[in-house]
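Okay, upload-v6.csv now, which holds CSV, N, CA and C atoms:
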chain,number,residue,atom,x,y,z
A,1,MET,N,38.9,-19.5,21.7
A,1,MET,CA,40.2,-20.3,21.9
A,1,MET,C,39.9,-21.5,22.7
A,2,ARG,N,40.3,-22.6,22.3
A,2,ARG,CA,40.1,-23.8,23.1
A,2,ARG,C,41.1,-24.1,24.1
A,3,GLY,N,42.3,-23.5,24.0
A,3,GLY,CA,43.4,-23.8,24.9
A,3,GLY,C,44.2,-25.0,24.5
A,4,ASP,N,43.8,-25.7,23.5
A,4,ASP,CA,44.5,-26.9,23.0
A,4,ASP,C,45.4,-26.5,21.8
A,5,PHE,N,46.6,-26.2,22.1
A,5,PHE,CA,47.5,-25.7,21.1
A,5,PHE,C,47.9,-26.7,20.0
A,6,GLN,N,47.9,-28.0,20.3
A,6,GLN,CA,48.3,-29.0,19.4
A,6,GLN,C,47.2,-29.2,18.3
A,7,LYS,N,46.0,-29.2,18.6
A,7,LYS,CA,44.9,-29.5,17.6
A,7,LYS,C,44.8,-28.3,16.6
A,8,GLY,N,44.9,-27.1,17.1
A,8,GLY,CA,44.8,-26.0,16.2
A,8,GLY,C,46.1,-25.7,15.4
A,9,GLY,N,47.1,-26.4,15.6
A,9,GLY,CA,48.3,-26.2,14.8
A,9,GLY,C,49.2,-25.1,15.3
A,10,ARG,N,48.8,-24.5,16.4
A,10,ARG,CA,49.5,-23.4,17.0
A,10,ARG,C,50.5,-23.9,18.0
A,11,LYS,N,51.6,-23.2,18.2
A,11,LYS,CA,52.6,-23.5,19.2
A,11,LYS,C,52.2,-22.8,20.5
A,12,PRO,N,52.5,-23.4,21.6
A,12,PRO,CA,52.3,-22.7,22.9
A,12,PRO,C,53.2,-21.5,22.9
A,13,PRO,N,52.8,-20.5,23.6
A,13,PRO,CA,53.6,-19.3,23.8
A,13,PRO,C,54.9,-19.6,24.4
A,14,GLU,N,56.0,-19.1,23.9
A,14,GLU,CA,57.3,-19.3,24.5
A,14,GLU,C,57.5,-18.5,25.8
A,15,GLU,N,58.0,-19.2,26.8
A,15,GLU,CA,58.3,-18.5,28.0
A,15,GLU,C,59.7,-17.9,27.9
A,16,LYS,N,59.9,-16.6,28.4
A,16,LYS,CA,61.2,-16.0,28.3
A,16,LYS,C,62.1,-16.6,29.4
A,17,PRO,N,63.4,-16.8,29.0
A,17,PRO,CA,64.3,-17.4,30.0
A,17,PRO,C,64.5,-16.4,31.2
A,18,VAL,N,64.6,-17.0,32.4
A,18,VAL,CA,64.8,-16.2,33.6
A,18,VAL,C,66.4,-16.1,33.8
A,19,PHE,N,66.9,-14.9,33.5
A,19,PHE,CA,68.4,-14.7,33.7
A,19,PHE,C,68.7,-14.5,35.1
A,20,ILE,N,67.9,-13.6,35.7
A,20,ILE,CA,68.2,-13.2,37.1
A,20,ILE,C,66.9,-13.1,37.9
A,21,LYS,N,67.0,-13.6,39.1
A,21,LYS,CA,65.8,-13.5,40.0
A,21,LYS,C,66.0,-12.3,40.9
A,22,PRO,N,64.9,-11.7,41.3
A,22,PRO,CA,65.0,-10.5,42.2
A,22,PRO,C,65.7,-10.8,43.5
A,23,GLU,N,65.5,-12.0,44.0
A,23,GLU,CA,66.2,-12.3,45.3
A,23,GLU,C,67.7,-12.5,45.1
A,24,GLU,N,68.1,-12.7,43.9
A,24,GLU,CA,69.6,-12.8,43.7
A,24,GLU,C,70.2,-11.4,43.7
A,25,ILE,N,69.4,-10.4,43.3
A,25,ILE,CA,69.9,-9.0,43.4
A,25,ILE,C,70.1,-8.6,44.8
A,26,LEU,N,69.1,-9.0,45.6
A,26,LEU,CA,69.2,-8.6,47.1
A,26,LEU,C,70.2,-9.4,47.8
A,27,ASN,N,70.4,-10.6,47.5
A,27,ASN,CA,71.4,-11.5,48.1
A,27,ASN,C,72.2,-12.2,47.0
A,28,PRO,N,73.2,-11.6,46.5
A,28,PRO,CA,74.0,-12.2,45.4
A,28,PRO,C,74.6,-13.5,45.8
A,29,PRO,N,74.6,-14.5,44.8
A,29,PRO,CA,75.1,-15.8,45.0
A,29,PRO,C,76.6,-15.8,45.3
A,30,ALA,N,77.1,-16.9,45.9
A,30,ALA,CA,78.5,-17.0,46.3
A,30,ALA,C,79.4,-16.9,45.1
A,31,ASP,N,78.9,-17.5,44.0
A,31,ASP,CA,79.7,-17.5,42.8
A,31,ASP,C,79.4,-16.2,42.0
A,32,TYR,N,80.0,-15.2,42.4
A,32,TYR,CA,79.7,-13.8,41.8
A,32,TYR,C,80.1,-13.7,40.4
A,33,ASP,N,81.1,-14.5,39.9
A,33,ASP,CA,81.5,-14.4,38.5
A,33,ASP,C,80.4,-15.0,37.6
A,34,LYS,N,79.8,-16.0,38.0
A,34,LYS,CA,78.7,-16.6,37.2
A,34,LYS,C,77.5,-15.6,37.2
A,35,PHE,N,77.3,-15.0,38.4
A,35,PHE,CA,76.2,-14.0,38.5
A,35,PHE,C,76.4,-12.8,37.5
A,36,LEU,N,77.7,-12.4,37.5
A,36,LEU,CA,78.0,-11.3,36.5
A,36,LEU,C,77.8,-11.7,35.1
A,37,GLU,N,78.1,-13.0,34.8
A,37,GLU,CA,77.9,-13.5,33.4
A,37,GLU,C,76.4,-13.5,33.1
A,38,ARG,N,75.6,-13.8,34.0
A,38,ARG,CA,74.1,-13.8,33.8
A,38,ARG,C,73.6,-12.4,33.6
A,39,ILE,N,74.2,-11.5,34.4
A,39,ILE,CA,73.8,-10.1,34.2
A,39,ILE,C,74.2,-9.7,32.7
A,40,LYS,N,75.3,-10.0,32.3
A,40,LYS,CA,75.8,-9.7,30.9
A,40,LYS,C,74.8,-10.3,29.9
A,41,ASN,N,74.4,-11.6,30.1
A,41,ASN,CA,73.5,-12.2,29.2
A,41,ASN,C,72.1,-11.5,29.2
A,42,PHE,N,71.7,-11.1,30.4
A,42,PHE,CA,70.4,-10.4,30.5
A,42,PHE,C,70.5,-9.1,29.7
A,43,VAL,N,71.6,-8.4,29.8
A,43,VAL,CA,71.7,-7.1,29.1
A,43,VAL,C,71.7,-7.3,27.6
A,44,GLU,N,72.5,-8.3,27.2
A,44,GLU,CA,72.6,-8.6,25.7
A,44,GLU,C,71.2,-9.0,25.1
A,45,LYS,N,70.5,-9.8,25.9
A,45,LYS,CA,69.2,-10.3,25.3
A,45,LYS,C,68.0,-9.4,25.5
A,46,GLU,N,67.9,-8.7,26.7
A,46,GLU,CA,66.7,-8.0,27.0
A,46,GLU,C,66.9,-6.5,26.9
A,47,MET,N,68.1,-6.0,26.7
A,47,MET,CA,68.3,-4.5,26.7
A,47,MET,C,68.9,-4.0,25.4
A,48,ARG,N,68.7,-4.7,24.4
A,48,ARG,CA,69.3,-4.4,23.1
A,48,ARG,C,68.8,-3.0,22.6
A,49,ASN,N,67.5,-2.7,22.8
A,49,ASN,CA,66.9,-1.5,22.3
A,49,ASN,C,66.8,-0.3,23.3
A,50,VAL,N,67.5,-0.5,24.5
A,50,VAL,CA,67.4,0.5,25.5
A,50,VAL,C,68.6,1.5,25.2
A,51,LYS,N,68.2,2.7,25.2
A,51,LYS,CA,69.2,3.8,25.0
A,51,LYS,C,70.0,4.1,26.3
A,52,THR,N,71.2,4.6,26.1
A,52,THR,CA,72.1,4.9,27.2
A,52,THR,C,71.4,5.9,28.2
A,53,HIS,N,70.8,6.9,27.6
A,53,HIS,CA,70.2,7.9,28.5
A,53,HIS,C,69.1,7.4,29.4
A,54,GLN,N,68.4,6.3,28.8
A,54,GLN,CA,67.3,5.7,29.6
A,54,GLN,C,67.9,5.0,30.8
A,55,ILE,N,69.0,4.3,30.6
A,55,ILE,CA,69.6,3.6,31.7
A,55,ILE,C,70.2,4.6,32.7
A,56,ARG,N,70.8,5.6,32.2
A,56,ARG,CA,71.4,6.6,33.1
A,56,ARG,C,70.4,7.3,34.0
A,57,ASN,N,69.2,7.5,33.4
A,57,ASN,CA,68.1,8.2,34.2
A,57,ASN,C,67.8,7.3,35.4
A,58,ILE,N,67.6,6.0,35.2
A,58,ILE,CA,67.3,5.0,36.2
A,58,ILE,C,68.5,5.0,37.2
A,59,PHE,N,69.7,4.9,36.7
A,59,PHE,CA,70.9,4.8,37.5
A,59,PHE,C,71.0,6.0,38.4
A,60,SER,N,70.8,7.2,37.9
A,60,SER,CA,70.9,8.4,38.6
A,60,SER,C,69.9,8.4,39.8
A,61,ALA,N,68.7,8.0,39.5
A,61,ALA,CA,67.7,8.0,40.6
A,61,ALA,C,68.0,7.0,41.7
A,62,LEU,N,68.5,5.8,41.3
A,62,LEU,CA,69.0,4.8,42.2
A,62,LEU,C,70.1,5.3,43.1
A,63,GLN,N,71.1,6.0,42.5
A,63,GLN,CA,72.2,6.5,43.3
A,63,GLN,C,71.8,7.5,44.3
A,64,LYS,N,70.7,8.2,44.1
A,64,LYS,CA,70.3,9.3,45.0
A,64,LYS,C,69.6,8.7,46.2
A,65,ALA,N,69.1,7.5,46.1
A,65,ALA,CA,68.3,6.8,47.2
A,65,ALA,C,69.3,6.5,48.3
A,66,ILE,N,69.0,7.1,49.5
A,66,ILE,CA,69.9,6.9,50.7
A,66,ILE,C,69.3,5.9,51.7
A,67,ASP,N,68.1,5.6,51.6
A,67,ASP,CA,67.5,4.6,52.5
A,67,ASP,C,66.4,3.8,51.9
A,68,ILE,N,65.8,2.8,52.5
A,68,ILE,CA,64.8,1.9,52.0
A,68,ILE,C,63.5,2.7,51.6
A,69,PRO,N,63.0,3.6,52.5
A,69,PRO,CA,61.8,4.3,52.0
A,69,PRO,C,62.0,5.1,50.8
A,70,GLU,N,63.1,5.7,50.6
A,70,GLU,CA,63.4,6.5,49.4
A,70,GLU,C,63.5,5.6,48.2
A,71,LEU,N,64.2,4.4,48.4
A,71,LEU,CA,64.3,3.4,47.3
A,71,LEU,C,62.9,3.0,46.9
A,72,LYS,N,62.0,2.7,47.8
A,72,LYS,CA,60.7,2.2,47.5
A,72,LYS,C,59.9,3.3,46.7
A,73,ARG,N,60.2,4.5,46.9
A,73,ARG,CA,59.5,5.6,46.2
A,73,ARG,C,59.9,5.6,44.7
A,74,LEU,N,60.9,4.9,44.4
A,74,LEU,CA,61.3,4.8,43.0
A,74,LEU,C,60.5,3.9,42.1
A,75,ARG,N,59.7,3.0,42.8
A,75,ARG,CA,58.9,2.0,42.1
A,75,ARG,C,57.9,2.7,41.1
A,76,TYR,N,57.3,3.8,41.5
A,76,TYR,CA,56.3,4.4,40.5
A,76,TYR,C,57.1,5.0,39.3
A,77,ARG,N,58.3,5.5,39.6
A,77,ARG,CA,59.1,6.0,38.5
A,77,ARG,C,59.5,4.9,37.5
A,78,LEU,N,59.8,3.7,38.0
A,78,LEU,CA,60.1,2.6,37.2
A,78,LEU,C,58.9,2.2,36.3
A,79,ALA,N,57.7,2.2,37.0
A,79,ALA,CA,56.5,1.9,36.2
A,79,ALA,C,56.3,2.9,35.1
A,80,TYR,N,56.5,4.2,35.4
A,80,TYR,CA,56.3,5.2,34.4
A,80,TYR,C,57.3,5.0,33.2
A,81,ASN,N,58.6,4.7,33.6
A,81,ASN,CA,59.6,4.4,32.5
A,81,ASN,C,59.2,3.3,31.7
A,82,ALA,N,58.8,2.2,32.3
A,82,ALA,CA,58.4,1.0,31.5
A,82,ALA,C,57.2,1.3,30.6
A,83,GLY,N,56.3,2.1,31.1
A,83,GLY,CA,55.1,2.4,30.3
A,83,GLY,C,55.4,3.4,29.2
A,84,ARG,N,56.3,4.3,29.4
A,84,ARG,CA,56.6,5.3,28.4
A,84,ARG,C,57.6,4.7,27.4
A,85,MET,N,58.6,4.0,27.8
A,85,MET,CA,59.6,3.4,26.9
A,85,MET,C,59.6,1.9,27.1
A,86,TYR,N,58.8,1.2,26.3
A,86,TYR,CA,58.6,-0.2,26.4
A,86,TYR,C,59.9,-1.0,26.5
A,87,SER,N,61.0,-0.5,25.8
A,87,SER,CA,62.2,-1.3,25.8
A,87,SER,C,62.8,-1.4,27.2
A,88,THR,N,62.4,-0.5,28.1
A,88,THR,CA,63.0,-0.6,29.5
A,88,THR,C,62.2,-1.5,30.4
A,89,LYS,N,61.1,-2.1,29.9
A,89,LYS,CA,60.2,-2.9,30.7
A,89,LYS,C,60.9,-4.1,31.4
A,90,PRO,N,61.8,-4.9,30.7
A,90,PRO,CA,62.4,-6.0,31.5
A,90,PRO,C,63.2,-5.6,32.7
A,91,ILE,N,64.0,-4.5,32.5
A,91,ILE,CA,64.9,-4.1,33.6
A,91,ILE,C,64.1,-3.4,34.7
A,92,CYS,N,63.1,-2.6,34.3
A,92,CYS,CA,62.2,-2.0,35.3
A,92,CYS,C,61.4,-3.0,36.1
A,93,ASP,N,60.9,-4.0,35.4
A,93,ASP,CA,60.1,-5.0,36.1
A,93,ASP,C,61.0,-5.8,37.1
A,94,LEU,N,62.2,-6.1,36.7
A,94,LEU,CA,63.2,-6.8,37.6
A,94,LEU,C,63.5,-6.0,38.8
A,95,LEU,N,63.9,-4.7,38.5
A,95,LEU,CA,64.2,-3.8,39.6
A,95,LEU,C,63.0,-3.6,40.6
A,96,ASP,N,61.9,-3.4,40.0
A,96,ASP,CA,60.7,-3.2,40.8
A,96,ASP,C,60.5,-4.3,41.8
A,97,GLU,N,60.6,-5.5,41.3
A,97,GLU,CA,60.4,-6.7,42.1
A,97,GLU,C,61.5,-6.8,43.2
A,98,ALA,N,62.7,-6.4,42.9
A,98,ALA,CA,63.8,-6.4,43.9
A,98,ALA,C,63.5,-5.3,45.0
A,99,ILE,N,63.1,-4.2,44.5
A,99,ILE,CA,62.9,-3.0,45.4
A,99,ILE,C,61.7,-3.4,46.3
A,100,LYS,N,60.7,-4.0,45.8
A,100,LYS,CA,59.5,-4.4,46.6
A,100,LYS,C,59.9,-5.2,47.8
A,101,ASN,N,60.9,-6.1,47.6
A,101,ASN,CA,61.4,-7.0,48.6
A,101,ASN,C,62.5,-6.5,49.5
A,102,ALA,N,63.1,-5.4,49.2
A,102,ALA,CA,64.2,-4.8,49.9
A,102,ALA,C,63.8,-4.4,51.3
A,103,LYS,N,64.6,-4.8,52.3
A,103,LYS,CA,64.3,-4.6,53.7
A,103,LYS,C,65.5,-4.0,54.5
A,104,SER,N,66.7,-4.0,53.9
A,104,SER,CA,67.8,-3.5,54.7
A,104,SER,C,68.7,-2.7,53.9
A,105,GLU,N,69.6,-2.0,54.6
A,105,GLU,CA,70.6,-1.2,53.9
A,105,GLU,C,71.5,-2.0,53.0
A,106,GLU,N,71.8,-3.3,53.4
A,106,GLU,CA,72.6,-4.2,52.6
A,106,GLU,C,71.8,-4.5,51.3
A,107,HIS,N,70.5,-4.6,51.3
A,107,HIS,CA,69.7,-4.8,50.1
A,107,HIS,C,69.9,-3.6,49.2
A,108,LEU,N,69.8,-2.4,49.8
A,108,LEU,CA,70.0,-1.1,49.0
A,108,LEU,C,71.3,-1.1,48.3
A,109,LYS,N,72.4,-1.5,49.0
A,109,LYS,CA,73.7,-1.5,48.5
A,109,LYS,C,73.8,-2.5,47.3
A,110,ASN,N,73.2,-3.7,47.5
A,110,ASN,CA,73.2,-4.7,46.5
A,110,ASN,C,72.5,-4.3,45.2
A,111,ILE,N,71.4,-3.7,45.4
A,111,ILE,CA,70.6,-3.2,44.3
A,111,ILE,C,71.4,-2.2,43.5
A,112,LYS,N,72.1,-1.2,44.2
A,112,LYS,CA,72.9,-0.3,43.5
A,112,LYS,C,74.1,-0.9,42.8
A,113,ASP,N,74.7,-1.9,43.4
A,113,ASP,CA,75.8,-2.6,42.8
A,113,ASP,C,75.3,-3.4,41.6
A,114,PHE,N,74.2,-4.0,41.7
A,114,PHE,CA,73.6,-4.7,40.5
A,114,PHE,C,73.4,-3.8,39.3
A,115,PHE,N,72.8,-2.6,39.6
A,115,PHE,CA,72.5,-1.7,38.5
A,115,PHE,C,73.8,-1.1,37.9
A,116,GLU,N,74.8,-0.9,38.8
A,116,GLU,CA,76.1,-0.4,38.2
A,116,GLU,C,76.6,-1.5,37.3
A,117,ALA,N,76.5,-2.8,37.6
A,117,ALA,CA,76.9,-3.8,36.6
A,117,ALA,C,76.1,-3.8,35.3
A,118,VAL,N,74.8,-3.5,35.4
A,118,VAL,CA,74.0,-3.4,34.3
A,118,VAL,C,74.4,-2.3,33.4
A,119,VAL,N,74.7,-1.1,34.0
A,119,VAL,CA,75.2,0.0,33.2
A,119,VAL,C,76.5,-0.3,32.5
A,120,ALA,N,77.4,-0.9,33.2
A,120,ALA,CA,78.7,-1.3,32.7
A,120,ALA,C,78.6,-2.3,31.5
A,121,TYR,N,77.8,-3.3,31.7
A,121,TYR,CA,77.6,-4.3,30.6
A,121,TYR,C,76.9,-3.7,29.4
A,122,HIS,N,76.0,-2.8,29.7
A,122,HIS,CA,75.3,-2.2,28.6
A,122,HIS,C,76.3,-1.4,27.7
A,123,LYS,N,77.1,-0.7,28.4
A,123,LYS,CA,78.2,0.1,27.7
A,123,LYS,C,79.1,-0.8,26.9
A,124,TYR,N,79.4,-2.0,27.5
A,124,TYR,CA,80.3,-2.9,26.9
A,124,TYR,C,79.7,-3.6,25.7
A,125,CYS,N,78.4,-4.0,25.8
A,125,CYS,CA,77.7,-4.7,24.8
A,125,CYS,C,77.2,-3.8,23.6
A,126,PHE,N,76.9,-2.6,24.0
A,126,PHE,CA,76.3,-1.6,23.0
A,126,PHE,C,77.0,-0.3,23.1
A,127,PRO,N,78.3,-0.2,22.7
A,127,PRO,CA,79.1,1.0,23.0
A,127,PRO,C,78.5,2.3,22.4
A,128,ARG,N,77.7,2.2,21.4
A,128,ARG,CA,77.2,3.5,20.8
A,128,ARG,C,75.8,3.8,21.1
A,129,GLY,N,75.3,3.1,22.2
A,129,GLY,CA,74.0,3.0,22.6
A,129,GLY,C,72.9,3.9,22.7
Take the structure from the file and write it as structure tokens.
Amino acid sequence: MRGDFQKGGRKPPEEKPVFIKPEEILNPPADYDKFLERIKNFVEKEMRNVKTHQIRNIFSALQKAIDIPELKRLRYRLAYNAGRMYSTKPICDLLDEAIKNAKSEEHLKNIKDFFEAVVAYHKYCFPRG
């Protein structure tokens, strides 16, 4: 491979749009309505093939976390989920990055709130899921 996409007639690889940044999960923006709309768009585009029980398993584990060290221990479970069920990779990668940077109880609460919105929008977008 030469790296010159134009000469070979190939198109450069498309970059996936960034719907949500991990730092926005930890510290949600002031315009929360727009943030929720971006969560909904993320769910519609990136979680089409994710089954409800896969999301519920992650949600259940997140809800049980009571402090930051316990939350950080979920990172290996997210990696396992993403490896086992590839359809969960986008949400697992996003959560993993947010958890890696979590430092306070407020961050823990915001991560839980974010994922609760993900579960709700998944049910809304894919009711038979």
Item checked: Asp67 (chain A) environment, 7 Å, all atoms listed in the file, sequence neighbours closer than 4 positions dropped, as a ChimeraX atom specification -> /A:71-72,105,108
Note to self: Excluding region 78-82 of chain A and its own-chain neighbours fewer than 2 positions away, which residues fall within 8 Å of it when counting only N, CA and C atoms? Please give them as a PyMOL selection string.
What the structure shows: chain A and resi 58+73-76+84-93+95-96
Check: What is the distance, in Å and to one decimal place, between atom N of Ile68 (chain A) and atom N of Asp31 (chain A)?
Finding: 25.6 Å
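Distance check against Glu46 (chain A) using only C-alpha atoms: of A:Ile111, A:Cys125, A:Ile25, A:Ile99, the minimum falls on A:Cys125.
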Item checked: d(CA of Pro69 (chain A), CA of Phe19 (chain A)) in Å ->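 CA of Phe19 (chain A) lies at a distance of 27.2 Å from CA of Pro69 (chain A).
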Next item on the list: Grab the CA of Ala98 (chain A) to CA of Glu70 (chain A) distance for me, in Å with one decimal place.
Entry: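 Separation between CA of Ala98 (chain A) and CA of Glu70 (chain A): 14.0 Å.
Between Asn110 (chain A) and the candidates A:Lys21, A:His122, A:Val43, A:Asn27, the tightest atom-to-atom separation, counting all atoms listed in the file, involves A:Asn27.
When only C-alpha atoms are used to compute distances to Phe42 (chain A), the closest of the residues A:Tyr121, A:Glu97, A:Arg77, A:Asp113 turns out to be A:Tyr121.
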Next item on the list: Please identify which residues in region 54-116 of chain A DSSP calls alpha helix (DSSP H) from the backbone, and express them as a VMD selection string.
Entry: chain A and resid 54 to 64 68 to 72 75 to 84 89 to 101 105 to 116
Can you fill out region 28-38 of chain A with all heavy atoms and hand it back as a compact mmCIF listing (two decimals), in the frame of the given file?
# COMPACT_ATOMS: atom_id res chain seq x y z
N PRO A 28 73.20 -11.60 46.50
CA PRO A 28 74.00 -12.20 45.40
C PRO A 28 74.60 -13.50 45.80
O PRO A 28 74.93 -13.77 46.91
CB PRO A 28 75.12 -11.18 45.13
CG PRO A 28 74.65 -9.89 45.70
CD PRO A 28 73.77 -10.26 46.86
N PRO A 29 74.60 -14.50 44.80
CA PRO A 29 75.10 -15.80 45.00
C PRO A 29 76.60 -15.80 45.30
O PRO A 29 77.30 -14.81 45.02
CB PRO A 29 74.81 -16.56 43.75
CG PRO A 29 74.54 -15.53 42.72
CD PRO A 29 74.11 -14.29 43.41
N ALA A 30 77.10 -16.90 45.90
CA ALA A 30 78.50 -17.00 46.30
C ALA A 30 79.40 -16.90 45.10
O ALA A 30 80.45 -16.32 45.13
CB ALA A 30 78.71 -18.25 47.11
N ASP A 31 78.90 -17.50 44.00
CA ASP A 31 79.70 -17.50 42.80
C ASP A 31 79.40 -16.20 42.00
O ASP A 31 78.58 -16.23 41.08
CB ASP A 31 79.48 -18.75 41.92
CG ASP A 31 80.46 -18.87 40.77
OD1 ASP A 31 81.20 -17.89 40.50
OD2 ASP A 31 80.49 -19.94 40.13
N TYR A 32 80.00 -15.20 42.40
CA TYR A 32 79.70 -13.80 41.80
C TYR A 32 80.10 -13.70 40.40
O TYR A 32 79.43 -13.02 39.60
CB TYR A 32 80.41 -12.74 42.65
CG TYR A 32 79.72 -11.41 42.54
CD1 TYR A 32 78.48 -11.19 43.14
CD2 TYR A 32 80.29 -10.36 41.83
CE1 TYR A 32 77.84 -9.97 43.03
CE2 TYR A 32 79.66 -9.13 41.72
CZ TYR A 32 78.44 -8.95 42.32
OH TYR A 32 77.80 -7.74 42.21
N ASP A 33 81.10 -14.50 39.90
CA ASP A 33 81.50 -14.40 38.50
C ASP A 33 80.40 -15.00 37.60
O ASP A 33 80.13 -14.38 36.56
CB ASP A 33 82.82 -15.19 38.28
CG ASP A 33 84.02 -14.49 38.90
OD1 ASP A 33 84.03 -13.25 38.92
OD2 ASP A 33 84.94 -15.19 39.37
N LYS A 34 79.80 -16.00 38.00
CA LYS A 34 78.70 -16.60 37.20
C LYS A 34 77.50 -15.60 37.20
O LYS A 34 76.77 -15.48 36.24
CB LYS A 34 78.23 -17.95 37.76
CG LYS A 34 79.13 -19.07 37.33
CD LYS A 34 78.57 -20.41 37.75
CE LYS A 34 79.51 -21.52 37.34
NZ LYS A 34 79.05 -22.82 37.80
N PHE A 35 77.30 -15.00 38.40
CA PHE A 35 76.20 -14.00 38.50
C PHE A 35 76.40 -12.80 37.50
O PHE A 35 75.51 -12.41 36.81
CB PHE A 35 76.07 -13.53 39.93
CG PHE A 35 74.95 -12.55 40.17
CD1 PHE A 35 73.64 -12.87 39.88
CD2 PHE A 35 75.22 -11.30 40.71
CE1 PHE A 35 72.61 -11.98 40.12
CE2 PHE A 35 74.20 -10.39 40.95
CZ PHE A 35 72.88 -10.74 40.65
N LEU A 36 77.70 -12.40 37.50
CA LEU A 36 78.00 -11.30 36.50
C LEU A 36 77.80 -11.70 35.10
O LEU A 36 77.32 -10.94 34.24
CB LEU A 36 79.42 -10.79 36.75
CG LEU A 36 79.66 -10.00 38.03
CD1 LEU A 36 81.15 -9.71 38.20
CD2 LEU A 36 78.85 -8.73 38.06
N GLU A 37 78.10 -13.00 34.80
CA GLU A 37 77.90 -13.50 33.40
C GLU A 37 76.40 -13.50 33.10
O GLU A 37 76.04 -13.18 31.97
CB GLU A 37 78.53 -14.88 33.32
CG GLU A 37 78.61 -15.40 31.92
CD GLU A 37 79.50 -14.58 31.01
OE1 GLU A 37 80.52 -14.04 31.47
OE2 GLU A 37 79.18 -14.49 29.82
N ARG A 38 75.60 -13.80 34.00
CA ARG A 38 74.10 -13.80 33.80
C ARG A 38 73.60 -12.40 33.60
O ARG A 38 72.69 -12.20 32.86
CB ARG A 38 73.43 -14.59 34.93
CG ARG A 38 73.75 -16.08 34.83
CD ARG A 38 72.97 -17.03 35.70
NE ARG A 38 71.97 -16.49 36.54
CZ ARG A 38 72.02 -16.49 37.87
NH1 ARG A 38 73.07 -16.97 38.50
NH2 ARG A 38 71.02 -16.02 38.58
